[in-house]
Structure formats: C-alpha cells, structure tokens
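Q: Data: work.cif, mmCIF, C-alpha atoms.
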```
data_coords
#
loop_
_atom_site.group_PDB
_atom_site.id
_atom_site.type_symbol
_atom_site.label_atom_id
_atom_site.label_comp_id
_atom_site.auth_asym_id
_atom_site.auth_seq_id
_atom_site.Cartn_x
_atom_site.Cartn_y
_atom_site.Cartn_z
ATOM 1 C CA MET A 10 -3.981 21.001 -11.853
ATOM 2 C CA LEU A 11 -7.676 20.949 -12.752
ATOM 3 C CA GLU A 12 -7.049 18.147 -15.253
ATOM 4 C CA ILE A 13 -5.226 16.161 -12.557
ATOM 5 C CA PHE A 14 -8.133 16.619 -10.150
ATOM 6 C CA ARG A 15 -10.508 15.374 -12.847
ATOM 7 C CA VAL A 16 -8.539 12.109 -12.990
ATOM 8 C CA THR A 17 -7.944 11.665 -9.263
ATOM 9 C CA PHE A 18 -11.345 12.821 -7.987
ATOM 10 C CA PRO A 19 -13.325 9.651 -8.925
ATOM 11 C CA PHE A 20 -10.836 7.462 -7.051
ATOM 12 C CA PHE A 21 -11.095 9.469 -3.840
ATOM 13 C CA ALA A 22 -14.861 9.897 -4.348
ATOM 14 C CA LEU A 23 -15.258 6.099 -4.234
ATOM 15 C CA VAL A 24 -13.395 6.076 -0.908
ATOM 16 C CA LEU A 25 -15.810 8.736 0.345
ATOM 17 C CA CYS A 26 -18.788 6.656 -0.825
ATOM 18 C CA GLY A 27 -17.557 3.660 1.156
ATOM 19 C CA TYR A 28 -16.976 5.856 4.211
ATOM 20 C CA ALA A 29 -20.474 7.330 3.983
ATOM 21 C CA ALA A 30 -22.074 3.910 3.448
ATOM 22 C CA ALA A 31 -20.520 2.563 6.644
ATOM 23 C CA ARG A 32 -21.131 5.697 8.720
ATOM 24 C CA LEU A 33 -24.804 5.789 7.681
ATOM 25 C CA ARG A 34 -25.148 2.044 8.355
ATOM 26 C CA MET A 35 -26.134 1.447 4.732
ATOM 27 C CA LEU A 36 -23.328 -1.100 4.805
ATOM 28 C CA PRO A 37 -23.234 -3.268 7.956
ATOM 29 C CA LEU A 38 -19.847 -3.225 9.641
ATOM 30 C CA GLU A 39 -19.968 -7.013 9.684
ATOM 31 C CA ALA A 40 -19.920 -7.002 5.860
ATOM 32 C CA ILE A 41 -16.601 -5.160 5.602
ATOM 33 C CA PRO A 42 -14.397 -8.254 6.146
ATOM 34 C CA GLY A 43 -16.328 -9.947 3.327
ATOM 35 C CA LEU A 44 -15.574 -7.060 0.973
ATOM 36 C CA ASN A 45 -11.933 -7.195 1.996
ATOM 37 C CA GLY A 46 -11.844 -10.927 1.344
ATOM 38 C CA PHE A 47 -13.342 -10.505 -2.114
ATOM 39 C CA VAL A 48 -10.794 -7.845 -3.073
ATOM 40 C CA LEU A 49 -7.786 -9.567 -1.500
ATOM 41 C CA PHE A 50 -8.393 -13.136 -2.670
ATOM 42 C CA PHE A 51 -10.313 -12.703 -5.919
ATOM 43 C CA ALA A 52 -10.473 -9.303 -7.615
ATOM 44 C CA LEU A 53 -7.051 -7.812 -6.858
ATOM 45 C CA PRO A 54 -5.026 -10.960 -7.718
ATOM 46 C CA CYS A 55 -6.855 -11.123 -11.061
ATOM 47 C CA MET A 56 -6.058 -7.475 -11.752
ATOM 48 C CA LEU A 57 -2.384 -7.938 -10.870
ATOM 49 C CA PHE A 58 -2.208 -11.124 -12.936
ATOM 50 C CA ARG A 59 -3.672 -9.336 -15.946
ATOM 51 C CA PHE A 60 -1.308 -6.398 -15.609
ATOM 52 C CA GLY A 61 1.657 -8.722 -15.068
ATOM 53 C CA SER A 62 0.862 -10.901 -18.070
ATOM 54 C CA ASP A 63 0.447 -7.834 -20.312
ATOM 55 C CA THR A 64 3.702 -6.206 -19.153
ATOM 56 C CA PRO A 65 7.053 -7.036 -20.806
ATOM 57 C CA ILE A 66 9.089 -9.214 -18.485
ATOM 58 C CA ALA A 67 12.028 -6.780 -18.600
ATOM 59 C CA GLN A 68 9.926 -4.140 -16.818
ATOM 60 C CA LEU A 69 9.010 -6.616 -14.091
ATOM 61 C CA LEU A 70 12.679 -7.460 -13.466
ATOM 62 C CA ASP A 71 14.009 -3.891 -13.273
ATOM 63 C CA ALA A 72 16.848 -4.105 -10.739
ATOM 64 C CA GLY A 73 17.321 -0.331 -10.646
ATOM 65 C CA VAL A 74 13.720 0.207 -9.543
ATOM 66 C CA PHE A 75 13.830 -2.715 -7.112
ATOM 67 C CA PHE A 76 16.941 -1.744 -5.149
ATOM 68 C CA THR A 77 16.329 2.008 -5.211
ATOM 69 C CA TYR A 78 12.809 1.601 -3.876
ATOM 70 C CA LEU A 79 13.913 -1.050 -1.362
ATOM 71 C CA PHE A 80 16.619 1.227 0.067
ATOM 72 C CA CYS A 81 14.077 4.030 0.541
ATOM 73 C CA ALA A 82 11.577 1.677 2.172
ATOM 74 C CA LEU A 83 14.184 0.505 4.691
ATOM 75 C CA VAL A 84 15.114 4.105 5.522
ATOM 76 C CA ILE A 85 11.454 5.002 6.095
ATOM 77 C CA VAL A 86 10.971 1.971 8.353
ATOM 78 C CA ALA A 87 14.040 2.857 10.433
ATOM 79 C CA LEU A 88 13.040 6.546 10.676
ATOM 80 C CA SER A 89 9.450 5.759 11.658
ATOM 81 C CA ILE A 90 10.435 3.276 14.358
ATOM 82 C CA GLY A 91 13.085 5.667 15.648
ATOM 83 C CA ILE A 92 10.630 8.513 16.226
ATOM 84 C CA SER A 93 7.796 6.292 17.490
ATOM 85 C CA LEU A 94 9.372 4.130 20.192
ATOM 86 C CA ASN A 95 8.610 5.363 23.691
ATOM 87 C CA ARG A 96 7.071 4.088 26.931
ATOM 88 C CA ARG A 97 3.575 3.889 25.413
ATOM 89 C CA VAL A 98 4.465 2.880 21.845
ATOM 90 C CA ARG A 99 6.476 -0.323 21.994
ATOM 91 C CA TRP A 100 7.897 -2.485 19.177
ATOM 92 C CA ASN A 101 4.553 -3.915 18.077
ATOM 93 C CA ASP A 102 2.879 -0.535 17.570
ATOM 94 C CA ALA A 103 6.041 1.171 16.299
ATOM 95 C CA SER A 104 6.725 -1.523 13.697
ATOM 96 C CA LEU A 105 3.177 -1.544 12.334
ATOM 97 C CA GLY A 106 3.301 2.253 12.261
ATOM 98 C CA ALA A 107 6.526 2.007 10.270
ATOM 99 C CA LEU A 108 4.846 -0.373 7.846
ATOM 100 C CA VAL A 109 1.961 2.012 7.309
ATOM 101 C CA ALA A 110 4.520 4.788 6.661
ATOM 102 C CA ALA A 111 6.466 2.785 4.084
ATOM 103 C CA PHE A 112 3.661 0.783 2.429
ATOM 104 C CA PRO A 113 1.622 2.830 -0.077
ATOM 105 C CA ASN A 114 -1.825 1.775 -1.237
ATOM 106 C CA THR A 115 -0.396 0.655 -4.570
ATOM 107 C CA GLY A 116 -2.522 -2.432 -5.096
ATOM 108 C CA PHE A 117 -5.949 -1.083 -4.171
ATOM 109 C CA MET A 118 -5.504 2.481 -5.465
ATOM 110 C CA GLY A 119 -2.114 3.074 -7.066
ATOM 111 C CA VAL A 120 -2.115 0.761 -10.079
ATOM 112 C CA PRO A 121 -5.484 1.850 -11.527
ATOM 113 C CA LEU A 122 -4.784 5.498 -10.686
ATOM 114 C CA LEU A 123 -1.325 5.485 -12.286
ATOM 115 C CA VAL A 124 -2.653 3.732 -15.377
ATOM 116 C CA ALA A 125 -5.319 6.440 -15.691
ATOM 117 C CA LEU A 126 -2.685 9.165 -15.329
ATOM 118 C CA LEU A 127 0.355 7.750 -17.151
ATOM 119 C CA GLY A 128 -0.862 4.808 -19.230
ATOM 120 C CA THR A 129 -0.204 1.081 -19.029
ATOM 121 C CA GLN A 130 3.581 1.563 -19.177
ATOM 122 C CA ALA A 131 3.394 2.609 -15.504
ATOM 123 C CA VAL A 132 2.373 -0.915 -14.482
ATOM 124 C CA GLY A 133 5.869 -2.451 -14.629
ATOM 125 C CA PRO A 134 7.597 -0.144 -12.096
ATOM 126 C CA ALA A 135 4.475 -0.109 -9.904
ATOM 127 C CA ILE A 136 4.387 -3.908 -9.682
ATOM 128 C CA VAL A 137 8.085 -3.956 -8.723
ATOM 129 C CA THR A 138 7.292 -1.658 -5.787
ATOM 130 C CA ILE A 139 4.399 -3.917 -4.768
ATOM 131 C CA VAL A 140 6.763 -6.898 -4.656
ATOM 132 C CA VAL A 141 9.179 -4.973 -2.422
ATOM 133 C CA ASP A 142 6.420 -3.917 -0.037
ATOM 134 C CA LEU A 143 4.640 -7.274 0.118
ATOM 135 C CA VAL A 144 7.664 -9.536 0.382
ATOM 136 C CA ILE A 145 10.401 -7.544 2.132
ATOM 137 C CA THR A 146 8.999 -4.477 3.894
ATOM 138 C CA SER A 147 5.970 -6.297 5.317
ATOM 139 C CA SER A 148 8.008 -9.304 6.443
ATOM 140 C CA LEU A 149 10.588 -7.071 8.126
ATOM 141 C CA CYS A 150 7.990 -5.028 10.001
ATOM 142 C CA VAL A 151 6.045 -8.108 11.108
ATOM 143 C CA ALA A 152 9.272 -9.653 12.410
ATOM 144 C CA LEU A 153 10.190 -6.427 14.238
ATOM 145 C CA SER A 154 6.706 -6.252 15.743
ATOM 146 C CA ARG A 155 7.460 -9.481 17.608
ATOM 147 C CA MET A 156 10.458 -7.942 19.367
ATOM 148 C CA ASP A 157 8.384 -7.216 22.484
ATOM 149 C CA ALA A 158 7.939 -10.971 22.942
ATOM 150 C CA ALA A 159 11.399 -11.970 21.745
ATOM 151 C CA GLY A 160 12.235 -13.362 25.140
ATOM 152 C CA GLN A 161 9.195 -15.650 25.081
ATOM 153 C CA HIS A 162 9.168 -16.804 21.463
ATOM 154 C CA GLY A 163 12.457 -15.800 19.891
ATOM 155 C CA ALA A 164 13.378 -14.163 16.598
ATOM 156 C CA ALA A 165 13.191 -17.466 14.707
ATOM 157 C CA VAL A 166 9.496 -17.851 15.523
ATOM 158 C CA ALA A 167 8.835 -14.265 14.439
ATOM 159 C CA ALA A 168 10.683 -14.805 11.171
ATOM 160 C CA ARG A 169 8.787 -18.029 10.504
ATOM 161 C CA LYS A 170 5.432 -16.328 11.096
ATOM 162 C CA ALA A 171 6.414 -13.506 8.753
ATOM 163 C CA LEU A 172 7.370 -15.993 6.041
ATOM 164 C CA VAL A 173 4.087 -17.879 6.433
ATOM 165 C CA GLY A 174 2.226 -14.582 6.075
ATOM 166 C CA VAL A 175 4.022 -13.816 2.820
ATOM 167 C CA LEU A 176 3.334 -17.290 1.415
ATOM 168 C CA ARG A 177 -0.373 -17.001 2.235
ATOM 169 C CA ASN A 178 -0.704 -13.626 0.529
ATOM 170 C CA PRO A 179 -2.234 -14.182 -2.927
ATOM 171 C CA MET A 180 -0.846 -10.998 -4.493
ATOM 172 C CA PRO A 181 2.807 -12.089 -4.913
ATOM 173 C CA TRP A 182 1.580 -15.367 -6.417
ATOM 174 C CA ALA A 183 -0.666 -13.489 -8.846
ATOM 175 C CA ILE A 184 2.226 -11.245 -9.902
ATOM 176 C CA SER A 185 4.507 -14.276 -10.333
ATOM 177 C CA ALA A 186 1.920 -16.098 -12.424
ATOM 178 C CA GLY A 187 1.438 -13.025 -14.585
ATOM 179 C CA ALA A 188 5.202 -12.684 -15.044
ATOM 180 C CA ALA A 189 5.417 -16.342 -16.102
ATOM 181 C CA PHE A 190 2.666 -15.816 -18.677
ATOM 182 C CA SER A 191 4.483 -12.722 -19.941
ATOM 183 C CA TYR A 192 7.830 -14.532 -20.190
ATOM 184 C CA TRP A 193 6.450 -17.535 -22.106
ATOM 185 C CA ASN A 194 3.853 -15.538 -24.079
ATOM 186 C CA LEU A 195 1.016 -17.659 -22.706
ATOM 187 C CA GLU A 196 -2.676 -16.799 -22.793
ATOM 188 C CA LEU A 197 -5.661 -17.998 -20.802
ATOM 189 C CA ILE A 198 -8.363 -19.860 -22.686
ATOM 190 C CA GLY A 199 -11.412 -17.774 -23.616
ATOM 191 C CA PRO A 200 -13.904 -18.487 -20.782
ATOM 192 C CA VAL A 201 -11.185 -18.363 -18.100
ATOM 193 C CA SER A 202 -9.807 -15.128 -19.540
ATOM 194 C CA LYS A 203 -13.285 -13.594 -19.458
ATOM 195 C CA THR A 204 -13.790 -14.635 -15.836
ATOM 196 C CA VAL A 205 -10.426 -13.195 -14.800
ATOM 197 C CA GLY A 206 -11.253 -10.012 -16.700
ATOM 198 C CA LEU A 207 -14.573 -9.552 -14.908
ATOM 199 C CA LEU A 208 -12.940 -9.999 -11.505
ATOM 200 C CA ALA A 209 -10.063 -7.691 -12.456
ATOM 201 C CA ASP A 210 -12.474 -4.969 -13.558
ATOM 202 C CA ALA A 211 -14.193 -5.165 -10.157
ATOM 203 C CA ALA A 212 -10.945 -4.765 -8.192
ATOM 204 C CA SER A 213 -10.502 -1.011 -8.327
ATOM 205 C CA PRO A 214 -14.032 0.224 -7.487
ATOM 206 C CA VAL A 215 -14.674 -2.399 -4.805
ATOM 207 C CA ALA A 216 -11.233 -1.884 -3.255
ATOM 208 C CA LEU A 217 -11.627 1.897 -3.065
ATOM 209 C CA PHE A 218 -15.144 1.564 -1.644
ATOM 210 C CA THR A 219 -13.815 -0.911 0.924
ATOM 211 C CA ILE A 220 -11.011 1.454 1.951
ATOM 212 C CA GLY A 221 -13.621 4.054 2.864
ATOM 213 C CA ALA A 222 -15.689 1.525 4.795
ATOM 214 C CA VAL A 223 -12.623 0.343 6.751
ATOM 215 C CA LEU A 224 -11.738 3.934 7.663
ATOM 216 C CA ALA A 225 -15.309 4.612 8.803
ATOM 217 C CA ARG A 226 -15.399 1.463 10.920
ATOM 218 C CA SER A 227 -12.148 2.425 12.644
ATOM 219 C CA ALA A 228 -13.464 5.915 13.389
ATOM 220 C CA MET A 229 -16.740 4.526 14.768
ATOM 221 C CA LEU A 230 -14.944 2.092 17.066
ATOM 222 C CA ALA A 231 -12.304 4.564 18.260
ATOM 223 C CA HIS A 232 -14.082 4.999 21.608
ATOM 224 C CA GLU A 233 -13.302 1.388 22.447
ATOM 225 C CA ARG A 234 -9.545 2.074 22.708
ATOM 226 C CA GLU A 235 -8.078 0.763 25.968
ATOM 227 C CA ASP A 236 -5.533 3.590 26.246
ATOM 228 C CA GLY A 237 -8.025 6.415 25.769
ATOM 229 C CA PRO A 238 -8.099 9.034 23.000
ATOM 230 C CA LEU A 239 -5.237 9.186 20.543
ATOM 231 C CA ARG A 240 -2.736 12.004 20.769
ATOM 232 C CA VAL A 241 -1.912 13.943 17.624
ATOM 233 C CA LEU A 242 1.789 13.191 18.087
ATOM 234 C CA ASP A 243 0.976 9.473 17.995
ATOM 235 C CA TYR A 244 -0.076 9.526 14.349
ATOM 236 C CA LEU A 245 0.515 12.879 12.603
ATOM 237 C CA PRO A 246 4.344 12.553 12.282
ATOM 238 C CA ILE A 247 3.919 9.149 10.608
ATOM 239 C CA ALA A 248 1.362 10.616 8.197
ATOM 240 C CA VAL A 249 3.820 13.388 7.303
ATOM 241 C CA ILE A 250 6.564 10.827 6.711
ATOM 242 C CA LYS A 251 4.245 8.866 4.417
ATOM 243 C CA LEU A 252 3.021 11.740 2.259
ATOM 244 C CA ILE A 253 5.997 14.119 2.281
ATOM 245 C CA VAL A 254 9.223 12.449 3.395
ATOM 246 C CA HIS A 255 8.751 9.152 1.521
ATOM 247 C CA PRO A 256 8.231 10.623 -1.989
ATOM 248 C CA LEU A 257 10.955 13.228 -1.480
ATOM 249 C CA LEU A 258 13.365 10.509 -0.339
ATOM 250 C CA VAL A 259 12.565 8.352 -3.382
ATOM 251 C CA LEU A 260 13.099 11.339 -5.680
ATOM 252 C CA LEU A 261 16.439 12.332 -4.126
ATOM 253 C CA VAL A 262 17.761 8.776 -3.882
ATOM 254 C CA GLY A 263 16.611 8.057 -7.426
ATOM 255 C CA LEU A 264 18.319 11.150 -8.854
ATOM 256 C CA THR A 265 21.490 10.265 -6.929
ATOM 257 C CA ALA A 266 21.343 6.701 -8.234
ATOM 258 C CA VAL A 267 21.065 7.958 -11.812
ATOM 259 C CA GLN A 268 24.117 10.164 -11.289
ATOM 260 C CA TRP A 269 26.026 7.153 -9.982
ATOM 261 C CA GLY A 270 25.219 5.216 -13.126
ATOM 262 C CA VAL A 271 22.366 3.036 -11.853
ATOM 263 C CA PRO A 272 20.169 2.004 -14.825
ATOM 264 C CA LEU A 273 17.021 3.850 -13.766
ATOM 265 C CA GLU A 274 14.758 5.352 -16.411
ATOM 266 C CA PRO A 275 13.296 8.845 -15.704
ATOM 267 C CA PHE A 276 9.773 7.519 -16.311
ATOM 268 C CA ALA A 277 10.311 4.665 -13.849
ATOM 269 C CA LEU A 278 11.575 7.156 -11.260
ATOM 270 C CA GLN A 279 8.446 9.246 -11.798
ATOM 271 C CA VAL A 280 6.256 6.213 -11.178
ATOM 272 C CA MET A 281 8.227 5.344 -8.026
ATOM 273 C CA VAL A 282 7.823 8.859 -6.618
ATOM 274 C CA LEU A 283 4.084 8.856 -7.320
ATOM 275 C CA VAL A 284 3.763 5.424 -5.711
ATOM 276 C CA ALA A 285 5.522 6.754 -2.604
ATOM 277 C CA ALA A 286 3.153 9.753 -2.610
ATOM 278 C CA LEU A 287 0.099 7.493 -2.352
ATOM 279 C CA PRO A 288 -1.759 7.194 0.971
ATOM 280 C CA SER A 289 -0.992 4.326 3.310
ATOM 281 C CA ALA A 290 -2.160 0.807 2.456
ATOM 282 C CA SER A 291 -5.492 0.091 4.128
ATOM 283 C CA ASN A 292 -4.754 -3.630 4.556
ATOM 284 C CA VAL A 293 -2.141 -2.770 7.209
ATOM 285 C CA SER A 294 -5.073 -2.005 9.514
ATOM 286 C CA LEU A 295 -6.252 -5.604 9.210
ATOM 287 C CA LEU A 296 -2.711 -6.849 9.851
ATOM 288 C CA ALA A 297 -2.404 -4.637 12.932
ATOM 289 C CA GLU A 298 -5.672 -6.009 14.269
ATOM 290 C CA ARG A 299 -4.470 -9.579 13.767
ATOM 291 C CA LEU A 300 -1.131 -8.900 15.492
ATOM 292 C CA GLY A 301 -2.647 -7.133 18.479
ATOM 293 C CA ALA A 302 -1.246 -3.677 17.678
ATOM 294 C CA ASP A 303 -3.027 -0.371 18.302
ATOM 295 C CA ASN A 304 -5.349 -0.540 15.307
ATOM 296 C CA GLY A 305 -6.916 2.815 16.189
ATOM 297 C CA ARG A 306 -3.563 4.527 15.663
ATOM 298 C CA ILE A 307 -2.934 2.693 12.404
ATOM 299 C CA ALA A 308 -6.422 3.483 11.096
ATOM 300 C CA ARG A 309 -6.016 7.165 11.985
ATOM 301 C CA ILE A 310 -2.763 7.334 10.006
ATOM 302 C CA ILE A 311 -4.465 5.680 7.039
ATOM 303 C CA MET A 312 -7.400 8.090 7.286
ATOM 304 C CA VAL A 313 -5.223 11.215 7.489
ATOM 305 C CA THR A 314 -3.043 10.142 4.573
ATOM 306 C CA THR A 315 -6.047 9.151 2.446
ATOM 307 C CA VAL A 316 -7.765 12.509 2.962
ATOM 308 C CA ALA A 317 -4.627 14.620 2.597
ATOM 309 C CA ALA A 318 -3.377 12.669 -0.436
ATOM 310 C CA PHE A 319 -6.171 14.133 -2.536
ATOM 311 C CA VAL A 320 -4.115 17.349 -2.446
ATOM 312 C CA THR A 321 -0.561 16.095 -1.935
ATOM 313 C CA PHE A 322 -0.708 13.336 -4.558
ATOM 314 C CA SER A 323 -2.263 15.707 -7.075
ATOM 315 C CA GLY A 324 0.519 18.159 -6.276
ATOM 316 C CA ALA A 325 3.142 15.474 -6.938
ATOM 317 C CA VAL A 326 1.546 14.715 -10.308
ATOM 318 C CA ASP A 327 1.498 18.433 -11.127
ATOM 319 C CA PHE A 328 5.192 18.654 -10.220
ATOM 320 C CA PHE A 329 6.068 16.135 -12.936
ATOM 321 C CA LYS A 330 3.640 17.680 -15.423
ATOM 322 C CA ALA A 331 5.209 21.145 -14.998
#
```
Step by step, read the file and then write its structure as structure tokens.
A:
Amino acid sequence: MLEIFRVTFPFFALVLCGYAAARLRMLPLEAIPGLNGFVLFFALPCMLFRFGSDTPIAQLLDAGVFFTYLFCALVIVALSIGISLNRRVRWNDASLGALVAAFPNTGFMGVPLLVALLGTQAVGPAIVTIVVDLVITSSLCVALSRMDAAGQHGAAVAARKALVGVLRNPMPWAISAGAAFSYWNLELIGPVSKTVGLLADAASPVALFTIGAVLARSAMLAHEREDGPLRVLDYLPIAVIKLIVHPLLVLLVGLTAVQWGVPLEPFALQVMVLVAALPSASNVSLLAERLGADNGRIARIIMVTTVAAFVTFSGAVDFFKA
C-alpha cells in the first residue's frame, strides 16, 4: 500500500496545491477559466492524441470494453437519478448529479495516473471509457437535464443541443485523430511533434492544479447559493455511488461478461474498474454552471470524491495488487 501511495500522492498533492493557491488568493478566481481553457482546448487534446497515436488500433476498438463500460454507466445514471429526484432536486440537478456519478476524471487525472501505475498498455482501455463518457453518457445526461423544460422546448431541441456540445468538445476529435494516425502508421513532422509533445506534457500537472482551484472556488462561493446551505443527503449518496458502487458494478458486470464469453481481457477489466474508482470529472462543474444546475451541489460531490479517492482509489489498486 505504501508503494501505491508513493505513486498516487503526487497527483493528489497537485490538486491540493491548486486548492491552496485559490483559497489563499495566490491565483485569482478570474484566472481559473483561463486554466480550464488551456487544458481543455490545448494540453489535454494533445495528450490524448499522443496516447491514441501510440496505441495499437485494436485496443482503441475493443468492443468488450466499450459495451461493458457503457452498460455500467447507464445503470449508474439511472440509479443516481432515481435516488435524487424530489421536490427540490428536479431533472436538471438530478441529471447533472447522475453525470458526475458516472463520469470519472479519466482525462485530467486517470490517464496519467494509470500509466504511472500500470504502464502505457493501460491507455487503450482508458481511452475507450473516455469515448463512452464524452459521447454517450454526457449527451444522455444533458438531454435528460432539459426534461424540466420539455414542454417549452421539446426533446428534439434538447437532443440537438447535446449533439452540438459533443461536436464542440475537442477531446473526441483528438482521440479520433490519434486513432487515425495509429491505423495508418502516420507521424507528425518534427517541429509539430515537438510542439504537441510540450503541450501534452503540460496537460497532467496543469489539469490537476486546475481541479484544485475549481474546487476551492466552488467552496468559496458556496454562500451565494439561492437555496441556502447544502444538505448532506443532497450530495453524499452520489459520492458513495461514484467511489464505491460504480467500481464494484464494473467489476461484477465485467466478471459476468467474461463468464458469458464476452471477449474481455483481465487487464482491460482491471483498468475499467480503476477508471470507475476515480473521483468525479471536474469539468462537469463547468457544464452544470452553463446549464443552470445547482453547481454548488455538483462541486461538493466532486470535492468529496476527490478527497476520499486518495484512500479508496489506492485501496482499489491494492486489491488488484494483492
């Protein structure tokens, strides 16, 4: 376990550094969107492109990983919405809460962390899970979040907005470009490759630092909530689903799928479980803010899962090492 902590500690320490920088006003809150923009539109796409281009195309097209992980994501979304909907938490808040329960922080934290723990062979299954979360899970939850206004705008408008959001997200395009380079054995020319490499190397530290800053900003602005202080029952059950139920579900469904003859490698299943054990994706907070959901609730879930994952994720790694 000590060896696992030695690997995971620097990743969570960078989150803590970002949190402290924002709380101490060393980093202006107004600068946080700029950091997010750099990671989302420049550094992270370059990192995903590099990983995708270096990964054999067969790993990126693993149907067993895709459908097993997709089934689990849909179950988590349904479960989270089912326990969240009430008079105060309507479709918008419940759907974004479901997204934060089903969407791990694979891009910002998971890929570099899994590579450090398991090696570059973990990239293939991890990228498949990113595709599921970015393209299907996110689109579904965004569409469901519009249910409150279905009478005014209709499901077709919600679906169209979800599709536009997917098309504007640079990460699926970066993964697709990397897969194309892998399939045709292409390589970037020297200066371009160096530029992409520099941006890719910046993705992990800047992303983790930004996660901490986003969490600090949400905590500092919590007093501005219109509905008053958050109740523990508004966010803790979703955090438990994210860190405990999600990885256990992936493990059980994956083992069942293997017994039924689904072509799912044990190593790929391990990567999927560890991906599910990651804390919630911090970019969901930005999405919630844009869609008018209760961003304080979403940020609290992200904060709880990020802090608790230092122990729970390390425990999941230790489970597979044992």
Q: I'd like the contact shell of range 289-298 of chain A - 6 Å cut-off, all atoms listed in the file, skipping same-chain residues fewer than 2 positions apart - returned as a VMD selection string.
A: chain A and resid 109 112 to 114 300 to 302 304 307 to 308 311
Q: Between A:Asp243, A:Leu208, A:Gly270, A:Ala277, which has the minimum distance to Asn95 in chain A (counting all atoms listed in the file)?
A: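 Closest to Asn95 in chain A, using all atoms listed in the file: A:Asp243.
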Q: For a test of reading the model, state the distance in Å between CA of Leu38 in chain A and CA of Pro214 in chain A, rounded to one decimal.
A: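 If I compute the distance from CA of Leu38 in chain A to CA of Pro214 in chain A, I get 18.4 Å.
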Q: Measuring atom to atom with only C-alpha atoms, identify which of A:Ile41, A:Val267, A:Met229, A:Leu123 is nearest to Ala135 in chain A.
A: A:Leu123
Q: Given the choices A:Gly73, A:Pro19, A:Gly206, A:Pro181, which gets closest to Ala125 in chain A if the distance is worked out from only C-alpha atoms?
A: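 For Ala125 in chain A, the nearest of the candidates is A:Pro19.
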Q: Provide range 315-331 of chain A rebuilt to N, CA, C and O atoms, formatted as a PDB file, keeping the file's coordinate frame.
A:
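Listed below is the output, rebuild.pdb:
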```
ATOM      1  N   THR A 315      -5.097   9.294   3.548  1.00  0.00           N
ATOM      2  CA  THR A 315      -6.047   9.151   2.446  1.00  0.00           C
ATOM      3  C   THR A 315      -6.724  10.476   2.132  1.00  0.00           C
ATOM      4  O   THR A 315      -6.896  10.851   0.964  1.00  0.00           O
ATOM      5  N   VAL A 316      -7.115  11.210   3.168  1.00  0.00           N
ATOM      6  CA  VAL A 316      -7.765  12.509   2.962  1.00  0.00           C
ATOM      7  C   VAL A 316      -6.770  13.528   2.397  1.00  0.00           C
ATOM      8  O   VAL A 316      -7.060  14.221   1.411  1.00  0.00           O
ATOM      9  N   ALA A 317      -5.602  13.612   3.015  1.00  0.00           N
ATOM     10  CA  ALA A 317      -4.627  14.620   2.597  1.00  0.00           C
ATOM     11  C   ALA A 317      -4.031  14.321   1.226  1.00  0.00           C
ATOM     12  O   ALA A 317      -3.635  15.239   0.499  1.00  0.00           O
ATOM     13  N   ALA A 318      -3.989  13.041   0.845  1.00  0.00           N
ATOM     14  CA  ALA A 318      -3.377  12.669  -0.436  1.00  0.00           C
ATOM     15  C   ALA A 318      -4.144  13.215  -1.627  1.00  0.00           C
ATOM     16  O   ALA A 318      -3.582  13.344  -2.723  1.00  0.00           O
ATOM     17  N   PHE A 319      -5.420  13.536  -1.438  1.00  0.00           N
ATOM     18  CA  PHE A 319      -6.171  14.133  -2.536  1.00  0.00           C
ATOM     19  C   PHE A 319      -5.470  15.397  -3.022  1.00  0.00           C
ATOM     20  O   PHE A 319      -5.453  15.709  -4.215  1.00  0.00           O
ATOM     21  N   VAL A 320      -4.852  16.128  -2.092  1.00  0.00           N
ATOM     22  CA  VAL A 320      -4.115  17.349  -2.446  1.00  0.00           C
ATOM     23  C   VAL A 320      -2.643  17.054  -2.710  1.00  0.00           C
ATOM     24  O   VAL A 320      -2.077  17.480  -3.727  1.00  0.00           O
ATOM     25  N   THR A 321      -2.004  16.302  -1.804  1.00  0.00           N
ATOM     26  CA  THR A 321      -0.561  16.095  -1.935  1.00  0.00           C
ATOM     27  C   THR A 321      -0.202  15.233  -3.140  1.00  0.00           C
ATOM     28  O   THR A 321       0.774  15.509  -3.841  1.00  0.00           O
ATOM     29  N   PHE A 322      -0.997  14.173  -3.393  1.00  0.00           N
ATOM     30  CA  PHE A 322      -0.708  13.336  -4.558  1.00  0.00           C
ATOM     31  C   PHE A 322      -0.937  14.114  -5.845  1.00  0.00           C
ATOM     32  O   PHE A 322      -0.134  14.023  -6.782  1.00  0.00           O
ATOM     33  N   SER A 323      -2.013  14.883  -5.893  1.00  0.00           N
ATOM     34  CA  SER A 323      -2.263  15.707  -7.075  1.00  0.00           C
ATOM     35  C   SER A 323      -1.143  16.713  -7.275  1.00  0.00           C
ATOM     36  O   SER A 323      -0.747  17.004  -8.409  1.00  0.00           O
ATOM     37  N   GLY A 324      -0.613  17.247  -6.175  1.00  0.00           N
ATOM     38  CA  GLY A 324       0.519  18.159  -6.276  1.00  0.00           C
ATOM     39  C   GLY A 324       1.764  17.480  -6.820  1.00  0.00           C
ATOM     40  O   GLY A 324       2.523  18.064  -7.606  1.00  0.00           O
ATOM     41  N   ALA A 325       1.984  16.216  -6.425  1.00  0.00           N
ATOM     42  CA  ALA A 325       3.142  15.474  -6.938  1.00  0.00           C
ATOM     43  C   ALA A 325       3.002  15.232  -8.432  1.00  0.00           C
ATOM     44  O   ALA A 325       3.975  15.340  -9.192  1.00  0.00           O
ATOM     45  N   VAL A 326       1.782  14.905  -8.876  1.00  0.00           N
ATOM     46  CA  VAL A 326       1.546  14.715 -10.308  1.00  0.00           C
ATOM     47  C   VAL A 326       1.793  16.014 -11.048  1.00  0.00           C
ATOM     48  O   VAL A 326       2.433  16.045 -12.112  1.00  0.00           O
ATOM     49  N   ASP A 327       1.309  17.121 -10.495  1.00  0.00           N
ATOM     50  CA  ASP A 327       1.498  18.433 -11.127  1.00  0.00           C
ATOM     51  C   ASP A 327       2.976  18.800 -11.208  1.00  0.00           C
ATOM     52  O   ASP A 327       3.416  19.443 -12.183  1.00  0.00           O
ATOM     53  N   PHE A 328       3.753  18.389 -10.220  1.00  0.00           N
ATOM     54  CA  PHE A 328       5.192  18.654 -10.220  1.00  0.00           C
ATOM     55  C   PHE A 328       5.850  18.037 -11.454  1.00  0.00           C
ATOM     56  O   PHE A 328       6.706  18.654 -12.102  1.00  0.00           O
ATOM     57  N   PHE A 329       5.475  16.809 -11.789  1.00  0.00           N
ATOM     58  CA  PHE A 329       6.068  16.135 -12.936  1.00  0.00           C
ATOM     59  C   PHE A 329       5.486  16.654 -14.263  1.00  0.00           C
ATOM     60  O   PHE A 329       6.157  16.605 -15.290  1.00  0.00           O
ATOM     61  N   LYS A 330       4.241  17.151 -14.203  1.00  0.00           N
ATOM     62  CA  LYS A 330       3.640  17.680 -15.423  1.00  0.00           C
ATOM     63  C   LYS A 330       4.229  19.035 -15.791  1.00  0.00           C
ATOM     64  O   LYS A 330       4.202  19.438 -16.958  1.00  0.00           O
ATOM     65  N   ALA A 331       4.717  19.772 -14.776  1.00  0.00           N
ATOM     66  CA  ALA A 331       5.209  21.145 -14.998  1.00  0.00           C
ATOM     67  C   ALA A 331       6.470  21.142 -15.880  1.00  0.00           C
ATOM     68  O   ALA A 331       7.261  20.234 -15.855  1.00  0.00           O
TER      69      ALA A 331
END
```
